[in-house]
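**Student:** Handing you this structure, nothing more for now.
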Amino acid sequence: MKIMFVCTGNVCRSPMGELLLDAYLSAHKETSIQIDSAGTRGLLNQPIDPSSAKILTEMGINSQNFRSKRLTKSLAESAQLILCFEKSQRTTIGTLAPKISQRTFLLTEFADICRLSVHGDFIQGATTGERLESVIAAAPLCRPALPEALEIEDPQCKDFDVFLHVEQQIKMALLTILSSVVVTTR
């Protein structure tokens, strides 16, 4: 399975999502999930924002090799799950690649769907990928019970405290998702 994080410029939020999820999955020795990111108006070949890089470095995550890219139809359609940060991004993705629109969620919305899927016993599968697929399949059942999806603001050109808040929101959503779907081996 391929998971794509999408924000606007692909230099702040989506690289944080990509690199955080990669680090979390690596810690669980999960290698079947590919992770990528792009921006709806992505800057081409730019490094991660220095504030995002600083946060990741403090967590022991190296972001030096990251380079931004713009979301294309083929890139969107190569993903089985797209996680974005604002409703306008979800709309843009749906217009660009309608085939993937049923598999495109706000990050916080998908975390809420995971939480409801656990409580509803909708999660099935022996692998993390299969379990993610079962959450995606359960999404139409869960959406009516969800609160309004929380957008995660763009921290670009804002104070470092805003970046820290955004990182916390991303991290909390990812931990909810992972606790729902990651298959742990002992």
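How things are named: the first chain in the structure tokens is A, the next is B, and so on; residues count from 1 in each chain; ligands count from 1 in the order shown.
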Which residues, written as a list of chain:residue names, have at least one atom at most 7 Å from Asn45 of chain A, with only C-alpha atoms counted and residues fewer than 5 positions away on the same chain left out?

**Tutor:**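 That gives A:Arg67, A:Ser68, A:Lys69.
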
**Student:** So that I can see what lies close to segment 33-37 of chain A, please list as an MDAnalysis selection string the residues with an atom at most 6 Å from it, counting only C-alpha atoms and leaving out residues fewer than 4 positions away in the same chain.

**Tutor:** chainID A and resid 1:6 14 18

**Student:** Please determine, counting only C-alpha atoms, which residue among A:Thr40, A:Gln64, A:Ser179, A:Ser78 has the shortest atom-to-atom distance to Cys114 of chain A.

**Tutor:**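 Nearest to Cys114 of chain A: A:Ser179.
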
**Student:** Counting only C-alpha atoms, figure out which residue out of A:Thr127, A:Ile61, A:Gln102, A:Ala79 gets nearest to Leu21 of chain A.

**Tutor:**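 Of all the options, A:Ile61 lies closest to Leu21 of chain A.
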
**Student:** Running DSSP on the backbone, which parts of chain A land in strand (DSSP E), as a ChimeraX atom specification?

**Tutor:** /A:2-7,34-39,81-84,104-106

**Student:** Can you tell me which residues surround Gly9 of chain A at a distance of at most 7 Å, considering only C-alpha atoms, apart from same-chain residues fewer than 3 positions away, and format the answer as a ChimeraX atom specification?

**Tutor:** /A:39-43

**Student:** Would you pick out the contacts of Val162 of chain A at 12 Å or less, using only C-alpha atoms, so that residues sharing its chain but fewer than 5 positions from it are not included, and give the list as a tab-separated table (two decimals) with all heavy atoms, in the first residue's frame?

**Tutor:**
```tsv
chain	number	residue	atom	x	y	z
A	12	CYS	N	6.06	21.94	4.51
A	12	CYS	CA	5.83	22.02	5.97
A	12	CYS	C	5.09	20.79	6.50
A	12	CYS	O	5.69	19.93	7.13
A	12	CYS	CB	5.02	23.28	6.32
A	12	CYS	SG	5.85	24.83	5.94
A	13	ARG	N	3.78	20.71	6.25
A	13	ARG	CA	2.95	19.68	6.86
A	13	ARG	C	3.12	18.30	6.23
A	13	ARG	O	3.32	17.31	6.94
A	13	ARG	CB	1.46	20.08	6.80
A	13	ARG	CG	1.15	21.30	7.62
A	13	ARG	CD	-0.25	21.81	7.34
A	13	ARG	NE	-0.28	22.39	5.99
A	13	ARG	CZ	-1.35	22.93	5.44
A	13	ARG	NH1	-2.50	22.94	6.10
A	13	ARG	NH2	-1.30	23.45	4.22
A	51	SER	N	11.79	25.22	9.99
A	51	SER	CA	11.11	24.96	11.27
A	51	SER	C	10.64	23.50	11.35
A	51	SER	O	10.77	22.86	12.39
A	51	SER	CB	9.95	25.92	11.47
A	51	SER	OG	10.42	27.23	11.64
A	52	SER	N	10.10	22.98	10.26
A	52	SER	CA	9.71	21.57	10.23
A	52	SER	C	10.94	20.68	10.39
A	52	SER	O	10.92	19.69	11.12
A	52	SER	CB	8.99	21.22	8.92
A	52	SER	OG	7.75	21.87	8.84
A	55	ILE	N	12.11	20.56	14.06
A	55	ILE	CA	11.26	19.69	14.88
A	55	ILE	C	11.63	18.23	14.64
A	55	ILE	O	11.79	17.45	15.59
A	55	ILE	CB	9.77	19.94	14.59
A	55	ILE	CG1	9.36	21.32	15.12
A	55	ILE	CG2	8.90	18.83	15.17
A	55	ILE	CD1	8.00	21.79	14.66
A	152	ILE	N	-5.79	21.13	9.76
A	152	ILE	CA	-4.51	21.46	10.37
A	152	ILE	C	-3.92	22.62	9.58
A	152	ILE	O	-3.63	22.49	8.39
A	152	ILE	CB	-3.56	20.24	10.39
A	152	ILE	CG1	-4.18	19.13	11.24
A	152	ILE	CG2	-2.18	20.64	10.92
A	152	ILE	CD1	-3.39	17.84	11.27
A	153	GLU	N	-3.78	23.76	10.24
A	153	GLU	CA	-3.41	24.99	9.54
A	153	GLU	C	-2.01	24.94	8.95
A	153	GLU	O	-1.14	24.20	9.42
A	153	GLU	CB	-3.53	26.20	10.48
A	153	GLU	CG	-2.40	26.37	11.46
A	153	GLU	CD	-2.48	27.68	12.23
A	153	GLU	OE1	-2.37	28.76	11.61
A	153	GLU	OE2	-2.64	27.60	13.45
A	154	ASP	N	-1.83	25.73	7.92
A	154	ASP	CA	-0.53	25.85	7.28
A	154	ASP	C	0.36	26.74	8.14
A	154	ASP	O	0.05	27.90	8.37
A	154	ASP	CB	-0.69	26.47	5.89
A	154	ASP	CG	0.57	26.42	5.07
A	154	ASP	OD1	1.66	26.10	5.61
A	154	ASP	OD2	0.49	26.72	3.86
A	155	PRO	N	1.48	26.21	8.65
A	155	PRO	CA	2.34	27.02	9.52
A	155	PRO	C	3.34	27.89	8.77
A	155	PRO	O	4.05	28.67	9.40
A	155	PRO	CB	3.07	25.95	10.34
A	155	PRO	CG	3.21	24.81	9.39
A	155	PRO	CD	1.94	24.82	8.58
A	156	GLN	N	3.40	27.76	7.46
A	156	GLN	CA	4.41	28.49	6.68
A	156	GLN	C	4.40	29.98	7.01
A	156	GLN	O	3.34	30.61	7.08
A	156	GLN	CB	4.18	28.31	5.19
A	156	GLN	CG	5.18	29.06	4.34
A	156	GLN	CD	5.85	28.17	3.33
A	156	GLN	OE1	5.27	27.23	2.88
A	156	GLN	NE2	7.07	28.48	3.01
A	157	CYS	N	5.58	30.51	7.25
A	157	CYS	CA	5.80	31.93	7.56
A	157	CYS	C	5.19	32.35	8.90
A	157	CYS	O	4.94	33.53	9.13
A	157	CYS	CB	5.28	32.83	6.44
A	157	CYS	SG	6.08	32.54	4.87
A	167	GLU	N	2.80	20.05	14.45
A	167	GLU	CA	3.48	18.75	14.63
A	167	GLU	C	2.73	17.90	15.65
A	167	GLU	O	2.56	16.69	15.45
A	167	GLU	CB	4.93	18.99	15.08
A	167	GLU	CG	5.71	17.71	15.33
A	167	GLU	CD	5.68	17.28	16.79
A	167	GLU	OE1	5.53	18.14	17.68
A	167	GLU	OE2	5.81	16.06	17.02
A	168	GLN	N	2.24	18.50	16.72
A	168	GLN	CA	1.48	17.76	17.73
A	168	GLN	C	0.19	17.21	17.15
A	168	GLN	O	-0.19	16.07	17.43
A	168	GLN	CB	1.20	18.64	18.95
A	168	GLN	CG	2.39	18.85	19.84
A	168	GLN	CD	2.89	17.54	20.43
A	168	GLN	OE1	2.14	16.76	21.01
A	168	GLN	NE2	4.18	17.28	20.27
A	169	GLN	N	-0.50	18.01	16.34
A	169	GLN	CA	-1.74	17.55	15.71
A	169	GLN	C	-1.46	16.38	14.77
A	169	GLN	O	-2.21	15.39	14.76
A	169	GLN	CB	-2.40	18.68	14.94
A	169	GLN	CG	-3.00	19.75	15.81
A	169	GLN	CD	-3.58	20.87	14.98
A	169	GLN	OE1	-2.88	21.53	14.23
A	169	GLN	NE2	-4.88	21.08	15.11
```

**Student:** Of the residues A:Leu81, A:Leu96, A:Leu164, A:Ile170, which is the one nearest to Val135 of chain A, using only C-alpha atoms?

**Tutor:**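 Residue with the minimum atom-to-atom distance to Val135 of chain A: A:Leu81.
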
**Student:** Applying 9 Å and only C-alpha atoms, which residues near Glu148 of chain A remain after dropping the ones on its own chain fewer than 2 positions away? List them as number ranges by chain.

**Tutor:** A: 109, 146, 150

**Student:** Could you check the closest approach to Lys73 of chain A for each of A:Pro50, A:Gly94, A:Pro15, A:Gly120 and tell me which residue wins, using only C-alpha atoms?

**Tutor:**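 When distances to Lys73 of chain A are compared using only C-alpha atoms, the smallest one comes from A:Gly94.
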
**Student:** Can you check which residues of chain A DSSP gives as alpha helix (DSSP H) on the backbone and send them as a PyMOL selection string?

**Tutor:** chain A and resi 13-27+50-58+73-77+87-96+107-119+128-142+160-181

**Student:** Looking at A:Val11, A:Ala138, A:Ser180, A:Thr128, which one is nearest to Pro47 of chain A, with distances taken over only C-alpha atoms?

**Tutor:**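 Once distances to Pro47 of chain A are computed over only C-alpha atoms, the minimum belongs to A:Val11.
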
**Student:** Measuring between only C-alpha atoms, which one of A:Met16, A:Glu86, A:Ile100, A:Gln46 shows the shortest distance to Met59 of chain A?

**Tutor:**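 Selected residue with least distance to Met59 of chain A: A:Met16.
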
**Student:** Kindly give the distance, in Å, that separates atom CA of Ser134 of chain A and atom CA of Ser26 of chain A, rounded to a single decimal.

**Tutor:**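 Interatomic distance here is 21.8 Å.
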
**Student:** Do you have the atom CA of Lys29 of chain A-atom CA of Ala173 of chain A distance handy?

**Tutor:**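 Answer for the atom CA of Lys29 of chain A to atom CA of Ala173 of chain A separation: 19.9 Å.
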
**Student:** Work out how far atom CA of Ile93 of chain A is from atom CA of Thr72 of chain A, in Å to one decimal.

**Tutor:**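 For atom CA of Thr72 of chain A relative to atom CA of Ile93 of chain A, the distance reads 9.0 Å.
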
**Student:** Taking 5 positions as the minimum chain separation for residues in the same chain, which residues sit within 9 Å of Tyr24 of chain A when counting only C-alpha atoms? Answer as number ranges by chain.

**Tutor:** A: 19, 29-30, 174-175, 178
